[in-house]
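Asks: For reference, the structure I am asking about is given below.
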Amino acid sequence: MILKKNILIFFLLLMWLAPHAQEKFSATLTEKFNDYSRKNVTEKLFVHTDRAFYLAGEIVWFKIYEVEGLYHTPLPLNRVVYVELLDKNNQPIIQQKISMNNGFGNGSIFLPASIGTGTYLFRAYTNWMKNFSAEYYFQKKISVVNTFVKRFNPTPTELPKMVATFFPEGGNLVAGVDNKIGYKVSNDTGQGIDFAGCLIDERNDTIARFSPLKFGMGSFSFTPSLQGRYKALIKAGKQRMLVDFPAVVAGYSMKVKTTSDKVKISVFHPSASANEPVSVFIHRHQLVSKAEIKFLKNDSVSFWFAKSEMPEGISHITLFTGDLQPVCERLYFKKPSSRLPVDLQLDKLVYSTREKVTLTVRTNSKANFSASVYRLDSLGEETDVHIAEYLWMTSDLKGFVESPDYYFSSDKFVEEAQDNLMLTQGWRRFAWKDIIDQRPMIHFPPEYGGHLIQATIRDEKNEPAAEAIGMVSVVGKNVNLTSARSDEKGEVFFEINNLVGTKKIVLQTSGKDSLKHIEIGNVFSEQYASNTLLDFALAAEHKKNLLSRSVGLQAQHIYTESEIKKIRPTKIDSIPFYGLATRRFLLDDYTRFPVMEEVMREYVSGLMVRKRADNKFRFRVLDEPNQTIFSESPLILLDGVPLSTEDEIMNFDPVRVKRIDVINQKYFLGPAVFSGIVSYTTYKGDLGGFQLNPKCVVLDYDGLELEREFYSPNYSEKSDPRIPDFRSLVYWNPTLEINSTQPKEIKFFTPDLPGTYKVVAEGVNENGVAGSGVMIFRVE
């Protein structure tokens, strides 16, 4: 009777503890996770390029979509996106800074004649994304052929290397329980291959046989022993390889199975203590969907969740011990229910050369689109990833995902193939230790206001100087200056607006920090994802198409070079950083004096010029709001560059100065405070031959990329029929805005090249619903 009473008390205690333990677990881990999420906003970039195969001398046109990581709504977090073209050694061939506006931007890359034939990696990222792994920068492989170089052997001579990897579900190959093993066998570039495989033990006995379901991926199950040593034998054509299997361990195992409406998560631990608590935590990016705790009974326990409660896209399922140690993890994919419909309609499907094409684009909501129309010439592989598949799947998986559109199809094997993909290419954007221990990760701030120039300030001993003030100025007529204070490591970020094209900039320290010096840093990322770029392979039968496209390219440069090189006018704020001057003096309105001292004394009011006993000049500006005179020297600028003393400007030739602005009040510029400003502007905005202090860092800096205009001829107007039109890219528009009530009509003309042409449109609406449309037409 006493025993029964004790058992009853024990179970009542468990019933009381379970909800309290679950509440404590949920509160602790969820709070830490949410705190991490608030500090580490996830963003994604998708880049739509006009195509994927190019010749040296052609232009890569692209549109950038910046969206929030969870709901994919356009995200105006950064005003700049960094774009690079990397070779197979991760060496940058081309680097650009692209201007963004409300989550969208566009640009172009001219492929120079010096670029070699090969496969390159086009990647894009923001300054904020540099805080995290390079694996989730936007990345896309493009192929380039240089037809100007005679040494070109397009046929590969060696068989591609075979790579085989095995992934126990949950992360561990656990002894004594049934383990599901995901596997992938691919070539160097990540493309899956067909093969036959078998699992053998240390006695060379066959334990299991397996072959891929799709794209070189599949799964099988077996129960390993703790002392077992396993290998996998892979056969693919003439190739053979023997792969060591993951080591067998004693510990936790997790299996995920689905029914028509449920997700079952089974947890096993053969040597667990009685009633040991385990917790399941499910999230997608910053959204926590489930957090639940249960107790192991007879070494196992199961969690059941309704499919309807699981978020769309890729979720992370993590198993925790009672002391919040993550021990198992895997991914789960739920196909999204919504997709932006993109209806493309042509006025006909077959056109003659130089005929007008009318393309109508329709959708069901207000959306931002980009569209490309190009000739299919069999030179490039049609492996483009569309925006919806990228945002929902590819961007959350590590490595190359082959044919992502298949996983959104209705094929009868698609759910099994989805699960194989989740088993073999799963990863997370963070380490749980960073969340649980609350370790800071952020070093690179978002460029919300403008481009950030990174630099380091050092003292006389070349050590990092903390709390030092540095300044960056853009030399020119539009006076552009900013200042910032260094952190404990001497690092500093200068926010510069209106920096478009290549400009001369000057970096220097100020005031009491004038003895220190400043070093500019590299704003481009120096971390790289694990990509394999093979030598470019193009079969000999494509020689005719290659020659045709090369001739067409050269014809374009001969006959329409001026149109191809057109740059879209850039709107730049011409108002100086200090706004409207209190007083402005245009020196051409006065009689010219040959000496600056006479100019300053005779014409410039609101400013007192004094010459001390040591023969050095001093300026004192009138403080108009307080009706007094400042006791300290003002900030003196020449074409936006701060000068260290009044004597420097007093020795300058006034004939070269067009205007003088005076600011008669205290001015705050970041951490720097100035007792007024006196700004001199030369006629050309080029310093007029002034010699800057040797401590100044002067360099030509590449700002935001200038925007090219896409050339599309209009044959409705009078044109010369003798000028050939061999365009392979016939239309590109990165700024299409469409809504449900007003379809967009696109008009362009076909070229002189017969063949098949492809229309591709990518877009996303205000709610983050993305979609794409593809259509084919012919020119005869």
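As shown in the structure tokens, the chain order sets the letters A, B, ...; within each chain, residues go from 1, and ligands are also counted from 1 in the order they appear.
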Got a sec: who's within 12 Å of Ala113 in chain A, counting only C-alpha atoms, leaving out chain neighbours fewer than 6 positions off, as a list in words?

Replies: Tyr54, Leu55, Ala56, Gly57, Glu58, Ile59, Val144, Val145, Asn146, Thr147, Phe148, Val149 and Gln554 of chain A

Asks: Among range 53-247 of chain A, which residues carry a DSSP assignment of strand (DSSP E or B), reported as a PyMOL selection string?

Replies: chain A and resi 53-55+59-68+74+80-86+92-99+101+104-110+118-125+138-145+163-168+173-174+179-186+192+196-200+206-210+214+217-222+231-236+239-244

Asks: So, with only C-alpha atoms as the atoms that count, which of A:Pro76, A:Pro445, A:Gly606, A:Gly640 lies closest to Ser473 in chain A?

Replies: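 Distance minimum relative to Ser473 in chain A lands on A:Gly640.
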
Asks: Compile the contact shell of range 447-452 of chain A as a list in words: residues with an atom at most 6 Å away, counting only C-alpha atoms, same-chain residues fewer than 3 positions apart removed.

Replies: Leu77, Asn78, Arg79, Phe493, Phe494, Glu495, Ile496 and Asn497 of chain A

Asks: Using N, CA, C and O atoms, can you export the residues from the last selection as a PDB file, in the first residue's frame?

Replies:
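Written file, out.pdb:
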```
ATOM      1  N   LEU A  77      17.419  47.743 -45.892  1.00  0.00           N
ATOM      2  CA  LEU A  77      18.386  47.783 -44.800  1.00  0.00           C
ATOM      3  C   LEU A  77      19.715  48.380 -45.240  1.00  0.00           C
ATOM      4  O   LEU A  77      20.400  49.033 -44.461  1.00  0.00           O
ATOM      5  N   ASN A  78      20.101  48.158 -46.486  1.00  0.00           N
ATOM      6  CA  ASN A  78      21.408  48.606 -46.980  1.00  0.00           C
ATOM      7  C   ASN A  78      21.247  49.449 -48.231  1.00  0.00           C
ATOM      8  O   ASN A  78      20.432  49.134 -49.101  1.00  0.00           O
ATOM      9  N   ARG A  79      22.045  50.492 -48.319  1.00  0.00           N
ATOM     10  CA  ARG A  79      22.050  51.340 -49.516  1.00  0.00           C
ATOM     11  C   ARG A  79      23.090  50.886 -50.528  1.00  0.00           C
ATOM     12  O   ARG A  79      23.181  51.445 -51.621  1.00  0.00           O
ATOM     13  N   PHE A 493      34.380  53.642 -39.152  1.00  0.00           N
ATOM     14  CA  PHE A 493      33.554  53.578 -40.357  1.00  0.00           C
ATOM     15  C   PHE A 493      33.085  54.995 -40.697  1.00  0.00           C
ATOM     16  O   PHE A 493      32.483  55.673 -39.869  1.00  0.00           O
ATOM     17  N   PHE A 494      33.369  55.418 -41.922  1.00  0.00           N
ATOM     18  CA  PHE A 494      32.943  56.738 -42.404  1.00  0.00           C
ATOM     19  C   PHE A 494      31.781  56.565 -43.367  1.00  0.00           C
ATOM     20  O   PHE A 494      31.907  55.863 -44.376  1.00  0.00           O
ATOM     21  N   GLU A 495      30.662  57.213 -43.076  1.00  0.00           N
ATOM     22  CA  GLU A 495      29.507  57.142 -43.972  1.00  0.00           C
ATOM     23  C   GLU A 495      29.570  58.267 -44.996  1.00  0.00           C
ATOM     24  O   GLU A 495      29.577  59.443 -44.645  1.00  0.00           O
ATOM     25  N   ILE A 496      29.623  57.870 -46.269  1.00  0.00           N
ATOM     26  CA  ILE A 496      29.748  58.838 -47.359  1.00  0.00           C
ATOM     27  C   ILE A 496      28.529  58.718 -48.274  1.00  0.00           C
ATOM     28  O   ILE A 496      28.209  57.629 -48.762  1.00  0.00           O
ATOM     29  N   ASN A 497      27.864  59.834 -48.510  1.00  0.00           N
ATOM     30  CA  ASN A 497      26.743  59.862 -49.455  1.00  0.00           C
ATOM     31  C   ASN A 497      27.192  60.475 -50.780  1.00  0.00           C
ATOM     32  O   ASN A 497      28.192  61.187 -50.851  1.00  0.00           O
TER      33      ASN A 497
END
```

Asks: Pull the closest atom pair for each residue of range 79-111 of chain A that gets at most 12 Å from range 733-736 of chain A, along with the distance in Å to one decimal, counting only C-alpha atoms, ordering rows by chain and then ascending residue number, as CSV.

Replies:
```
residue,atom,partner,partner_atom,distance
A:Asn101,CA,A:Thr735,CA,11.3
A:Phe104,CA,A:Thr735,CA,8.8
A:Gly105,CA,A:Pro734,CA,8.2
A:Asn106,CA,A:Pro734,CA,6.5
A:Gly107,CA,A:Pro734,CA,8.8
A:Ser108,CA,A:Pro734,CA,10.7
```

Asks: Mind checking DSSP for range 559-693 of chain A and telling me the alpha helix (DSSP H) residues as a list in words?

Replies: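 So, restricting range 559-693 of chain A to alpha helix (DSSP H), we get Tyr559, Glu561, Ser562, Glu563, Ile564, Met596, Glu597, Glu598, Val599, Met600, Arg601, Glu602, Glu646, Asp647, Glu648, Ile649 and Met650 of chain A.
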
Asks: Restricting it to all heavy atoms, dump the selection as a short mmCIF file (atom, residue, chain, number, x, y, z; two decimals), in the first residue's frame.

Replies:
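See selection.cif below for the written result:
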```cif
data_model
loop_
_atom_site.label_atom_id
_atom_site.label_comp_id
_atom_site.auth_asym_id
_atom_site.auth_seq_id
_atom_site.Cartn_x
_atom_site.Cartn_y
_atom_site.Cartn_z
N TYR A 559 29.33 49.09 -84.90
CA TYR A 559 28.26 49.96 -85.39
C TYR A 559 27.47 50.69 -84.28
O TYR A 559 26.86 51.72 -84.56
CB TYR A 559 27.27 49.15 -86.24
CG TYR A 559 27.89 48.63 -87.52
CD1 TYR A 559 28.23 47.28 -87.65
CD2 TYR A 559 28.15 49.48 -88.59
CE1 TYR A 559 28.80 46.78 -88.82
CE2 TYR A 559 28.73 49.00 -89.77
CZ TYR A 559 29.05 47.66 -89.87
OH TYR A 559 29.63 47.18 -91.03
N GLU A 561 28.74 51.20 -80.87
CA GLU A 561 29.57 51.34 -79.68
C GLU A 561 29.16 52.54 -78.82
O GLU A 561 29.13 52.46 -77.58
CB GLU A 561 31.04 51.47 -80.06
CG GLU A 561 31.97 51.47 -78.85
CD GLU A 561 33.43 51.40 -79.25
OE1 GLU A 561 33.74 51.67 -80.43
OE2 GLU A 561 34.25 51.09 -78.38
N SER A 562 28.82 53.64 -79.46
CA SER A 562 28.44 54.83 -78.70
C SER A 562 27.16 54.60 -77.90
O SER A 562 27.00 55.12 -76.78
CB SER A 562 28.26 56.03 -79.63
OG SER A 562 27.23 55.76 -80.59
N GLU A 563 26.24 53.81 -78.46
CA GLU A 563 25.00 53.51 -77.74
C GLU A 563 25.25 52.55 -76.58
O GLU A 563 24.68 52.68 -75.51
CB GLU A 563 23.97 52.88 -78.71
CG GLU A 563 23.56 53.76 -79.87
CD GLU A 563 22.75 54.96 -79.41
OE1 GLU A 563 22.19 54.91 -78.29
OE2 GLU A 563 22.66 55.94 -80.16
N ILE A 564 26.15 51.58 -76.79
CA ILE A 564 26.46 50.59 -75.76
C ILE A 564 27.12 51.25 -74.56
O ILE A 564 26.91 50.84 -73.41
CB ILE A 564 27.38 49.48 -76.34
CG1 ILE A 564 26.62 48.68 -77.40
CG2 ILE A 564 27.88 48.56 -75.24
CD1 ILE A 564 27.49 47.70 -78.15
N MET A 596 45.65 86.42 -50.96
CA MET A 596 44.48 85.94 -50.23
C MET A 596 44.18 86.81 -49.01
O MET A 596 43.00 87.00 -48.66
CB MET A 596 44.69 84.49 -49.80
CG MET A 596 43.48 83.85 -49.15
SD MET A 596 42.07 83.65 -50.32
CE MET A 596 42.66 82.24 -51.27
N GLU A 597 45.20 87.37 -48.36
CA GLU A 597 44.97 88.19 -47.17
C GLU A 597 44.09 89.38 -47.51
O GLU A 597 43.17 89.74 -46.75
CB GLU A 597 46.29 88.66 -46.57
CG GLU A 597 46.11 89.50 -45.31
CD GLU A 597 47.42 89.98 -44.72
OE1 GLU A 597 48.50 89.61 -45.27
OE2 GLU A 597 47.39 90.72 -43.71
N GLU A 598 44.34 90.01 -48.66
CA GLU A 598 43.53 91.16 -49.06
C GLU A 598 42.09 90.75 -49.34
O GLU A 598 41.15 91.47 -49.00
CB GLU A 598 44.15 91.82 -50.30
CG GLU A 598 45.51 92.45 -50.05
CD GLU A 598 46.10 93.04 -51.32
OE1 GLU A 598 46.09 92.32 -52.35
OE2 GLU A 598 46.53 94.19 -51.29
N VAL A 599 41.92 89.58 -49.98
CA VAL A 599 40.56 89.09 -50.26
C VAL A 599 39.79 88.91 -48.95
O VAL A 599 38.64 89.34 -48.80
CB VAL A 599 40.63 87.77 -51.05
CG1 VAL A 599 39.22 87.16 -51.19
CG2 VAL A 599 41.24 87.98 -52.42
N MET A 600 40.44 88.24 -48.00
CA MET A 600 39.76 87.92 -46.74
C MET A 600 39.44 89.18 -45.93
O MET A 600 38.37 89.28 -45.32
CB MET A 600 40.62 86.98 -45.90
CG MET A 600 40.93 85.65 -46.57
SD MET A 600 39.43 84.75 -47.03
CE MET A 600 38.75 84.39 -45.43
N ARG A 601 40.35 90.17 -45.94
CA ARG A 601 40.12 91.38 -45.15
C ARG A 601 39.10 92.32 -45.81
O ARG A 601 38.31 92.97 -45.14
CB ARG A 601 41.43 92.12 -44.93
CG ARG A 601 42.41 91.39 -44.00
CD ARG A 601 43.64 92.24 -43.75
NE ARG A 601 44.66 91.55 -42.96
CZ ARG A 601 44.67 91.44 -41.64
NH1 ARG A 601 43.67 91.98 -40.95
NH2 ARG A 601 45.65 90.82 -41.01
N GLU A 602 39.12 92.37 -47.15
CA GLU A 602 38.31 93.37 -47.86
C GLU A 602 36.89 92.88 -48.17
O GLU A 602 35.96 93.68 -48.16
CB GLU A 602 39.01 93.77 -49.16
CG GLU A 602 40.33 94.49 -48.96
CD GLU A 602 40.15 95.85 -48.29
OE1 GLU A 602 39.07 96.47 -48.48
OE2 GLU A 602 41.06 96.26 -47.56
N GLU A 646 45.54 78.07 -40.86
CA GLU A 646 45.10 79.21 -41.68
C GLU A 646 46.19 79.61 -42.68
O GLU A 646 45.88 80.08 -43.79
CB GLU A 646 44.76 80.41 -40.80
CG GLU A 646 43.48 80.28 -40.00
CD GLU A 646 43.69 79.63 -38.65
OE1 GLU A 646 44.71 78.92 -38.45
OE2 GLU A 646 42.82 79.81 -37.78
N ASP A 647 47.46 79.42 -42.30
CA ASP A 647 48.55 79.83 -43.18
C ASP A 647 48.51 79.10 -44.51
O ASP A 647 48.91 79.63 -45.55
CB ASP A 647 49.90 79.60 -42.50
CG ASP A 647 50.14 80.59 -41.38
OD1 ASP A 647 49.62 81.71 -41.46
OD2 ASP A 647 50.85 80.23 -40.42
N GLU A 648 48.02 77.85 -44.50
CA GLU A 648 47.98 77.06 -45.74
C GLU A 648 47.08 77.72 -46.77
O GLU A 648 47.42 77.80 -47.95
CB GLU A 648 47.49 75.64 -45.43
CG GLU A 648 48.47 74.79 -44.66
CD GLU A 648 47.94 73.39 -44.40
OE1 GLU A 648 46.95 73.27 -43.65
OE2 GLU A 648 48.50 72.44 -44.96
N ILE A 649 45.92 78.20 -46.34
CA ILE A 649 45.01 78.83 -47.30
C ILE A 649 45.44 80.26 -47.61
O ILE A 649 45.23 80.75 -48.74
CB ILE A 649 43.55 78.78 -46.80
CG1 ILE A 649 42.59 79.11 -47.96
CG2 ILE A 649 43.34 79.73 -45.64
CD1 ILE A 649 42.60 78.10 -49.06
N MET A 650 46.09 80.93 -46.66
CA MET A 650 46.52 82.30 -46.91
C MET A 650 47.66 82.36 -47.92
O MET A 650 47.87 83.40 -48.56
CB MET A 650 46.94 82.96 -45.60
CG MET A 650 45.77 83.15 -44.62
SD MET A 650 44.46 84.20 -45.27
CE MET A 650 45.04 85.81 -44.76
#
```

Asks: List as a list in words the protein and nucleic acid residues near Asn187 in chain A, meaning an atom at most 12 Å away when only C-alpha atoms are counted, but skip any in the same chain fewer than 6 places from it.

Replies: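 Once the nearby chain positions are removed, what remains is Leu159, Pro160, Lys161, Met162, Val163, Ala164, Thr165, Ile193, Asp194, Phe195, Phe215, Gly216, Ala236, Gln239, Phe400, Glu402, Thr532, Leu533 and Leu534 of chain A.
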
Asks: Go ahead and dump the residues you just picked, C-alpha atoms, as a compact mmCIF listing (two decimals), in the first residue's frame.

Replies:
```
# COMPACT_ATOMS: atom_id res chain seq x y z
CA LEU A 159 36.84 12.27 -65.94
CA PRO A 160 35.28 14.53 -63.31
CA LYS A 161 36.19 13.71 -59.75
CA MET A 162 33.58 11.74 -57.77
CA VAL A 163 32.61 12.94 -54.28
CA ALA A 164 30.56 10.81 -51.85
CA THR A 165 29.22 12.01 -48.50
CA ILE A 193 25.54 11.18 -60.62
CA ASP A 194 23.95 7.72 -61.00
CA PHE A 195 25.73 4.96 -59.13
CA PHE A 215 20.29 13.91 -58.36
CA GLY A 216 22.70 11.43 -56.77
CA ALA A 236 29.70 4.75 -61.17
CA GLN A 239 34.91 4.74 -61.48
CA PHE A 400 24.98 23.57 -54.99
CA GLU A 402 20.64 20.84 -58.61
CA THR A 532 34.47 24.25 -56.85
CA LEU A 533 34.85 25.90 -60.25
CA LEU A 534 36.10 23.56 -62.95
```

Asks: Applying 6 Å and only C-alpha atoms, which residues near range 703-706 of chain A remain after dropping the ones on its own chain fewer than 3 positions away? List them as a list in words.

Replies: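 In the requested form, the answer reads Lys97, Ile98, Ser99, Leu499, Val500, Gly501 and Thr502 of chain A.
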
Asks: Asp700 in chain A: which residues within 7 Å, counting only C-alpha atoms, same-chain residues fewer than 3 positions away excluded, as an MDAnalysis selection string?

Replies: chainID A and resid 502:505

Asks: Give me, as a VMD selection string, all polymer residues having an atom no more than 8 Å from Val243 in chain A, counting only C-alpha atoms and skipping those fewer than 3 positions away in the same chain.

Replies: chain A and resid 164 231 to 234

Asks: Convert the current residue selection to file output with N, CA, C and O atoms, as a short mmCIF file (atom, residue, chain, number, x, y, z; two decimals), in the first residue's frame.

Replies:
```
data_model
loop_
_atom_site.label_atom_id
_atom_site.label_comp_id
_atom_site.auth_asym_id
_atom_site.auth_seq_id
_atom_site.Cartn_x
_atom_site.Cartn_y
_atom_site.Cartn_z
N ALA A 164 31.64 11.50 -52.55
CA ALA A 164 30.56 10.81 -51.85
C ALA A 164 30.54 11.23 -50.39
O ALA A 164 31.57 11.23 -49.72
N LYS A 231 32.24 0.86 -44.15
CA LYS A 231 32.70 1.57 -45.34
C LYS A 231 31.63 1.44 -46.42
O LYS A 231 30.82 0.50 -46.42
N ALA A 232 31.62 2.39 -47.34
CA ALA A 232 30.69 2.36 -48.47
C ALA A 232 31.48 2.20 -49.76
O ALA A 232 32.45 2.92 -49.99
N LEU A 233 31.07 1.25 -50.57
CA LEU A 233 31.69 1.03 -51.88
C LEU A 233 30.78 1.63 -52.94
O LEU A 233 29.61 1.26 -53.05
N ILE A 234 31.32 2.55 -53.73
CA ILE A 234 30.55 3.27 -54.75
C ILE A 234 31.07 2.90 -56.13
O ILE A 234 32.28 2.93 -56.38
#
```

Asks: Have a look at CA of Phe303 in chain A and CA of Thr28 in chain A and let me know their distance in Å, one decimal.

Replies: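 Answer for the CA of Phe303 in chain A to CA of Thr28 in chain A separation: 20.0 Å.
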
Asks: Please tabulate, as a tab-separated table, the residues of range 103-186 of chain A that come within 10 Å of range 202-214 of chain A, each with its closest pair of atoms and the distance in Å to one decimal, counting only C-alpha atoms and ordering rows by chain, then residue number upward.

Replies:
```
residue	atom	partner	partner_atom	distance
A:Tyr183	CA	A:Pro212	CA	8.3
A:Lys184	CA	A:Pro212	CA	7.9
A:Val185	CA	A:Pro212	CA	8.4
```

Asks: May I have the residues from that selection written out with all heavy atoms, as a PDB file, in the first residue's frame?

Replies:
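In the end it all went to again-v4.pdb:
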```pdb
ATOM      1  N   TYR A 183      22.547  10.260 -48.197  1.00  0.00           N
ATOM      2  CA  TYR A 183      23.817  10.238 -48.929  1.00  0.00           C
ATOM      3  C   TYR A 183      23.696  11.049 -50.218  1.00  0.00           C
ATOM      4  O   TYR A 183      22.598  11.256 -50.749  1.00  0.00           O
ATOM      5  CB  TYR A 183      24.256   8.809 -49.246  1.00  0.00           C
ATOM      6  CG  TYR A 183      23.240   7.986 -50.009  1.00  0.00           C
ATOM      7  CD1 TYR A 183      23.135   8.077 -51.395  1.00  0.00           C
ATOM      8  CD2 TYR A 183      22.378   7.115 -49.336  1.00  0.00           C
ATOM      9  CE1 TYR A 183      22.202   7.326 -52.097  1.00  0.00           C
ATOM     10  CE2 TYR A 183      21.446   6.367 -50.014  1.00  0.00           C
ATOM     11  CZ  TYR A 183      21.355   6.474 -51.404  1.00  0.00           C
ATOM     12  OH  TYR A 183      20.418   5.735 -52.087  1.00  0.00           O
ATOM     13  N   LYS A 184      24.844  11.501 -50.676  1.00  0.00           N
ATOM     14  CA  LYS A 184      24.921  12.195 -51.955  1.00  0.00           C
ATOM     15  C   LYS A 184      26.235  11.852 -52.628  1.00  0.00           C
ATOM     16  O   LYS A 184      27.299  11.929 -52.004  1.00  0.00           O
ATOM     17  CB  LYS A 184      24.819  13.717 -51.781  1.00  0.00           C
ATOM     18  CG  LYS A 184      24.877  14.477 -53.109  1.00  0.00           C
ATOM     19  CD  LYS A 184      24.662  15.966 -52.938  1.00  0.00           C
ATOM     20  CE  LYS A 184      24.669  16.666 -54.303  1.00  0.00           C
ATOM     21  NZ  LYS A 184      24.423  18.115 -54.195  1.00  0.00           N
ATOM     22  N   VAL A 185      26.144  11.462 -53.886  1.00  0.00           N
ATOM     23  CA  VAL A 185      27.328  11.198 -54.703  1.00  0.00           C
ATOM     24  C   VAL A 185      27.260  12.143 -55.893  1.00  0.00           C
ATOM     25  O   VAL A 185      26.266  12.157 -56.632  1.00  0.00           O
ATOM     26  CB  VAL A 185      27.393   9.733 -55.165  1.00  0.00           C
ATOM     27  CG1 VAL A 185      28.628   9.505 -56.033  1.00  0.00           C
ATOM     28  CG2 VAL A 185      27.415   8.786 -53.963  1.00  0.00           C
TER      29      VAL A 185
END
```

Asks: Measuring atom to atom with only C-alpha atoms, identify which of A:Thr353, A:Thr358, A:Asn714, A:Thr591 is nearest to Leu753 in chain A.

Replies: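 Result for the nearest residue to Leu753 in chain A: A:Thr353.
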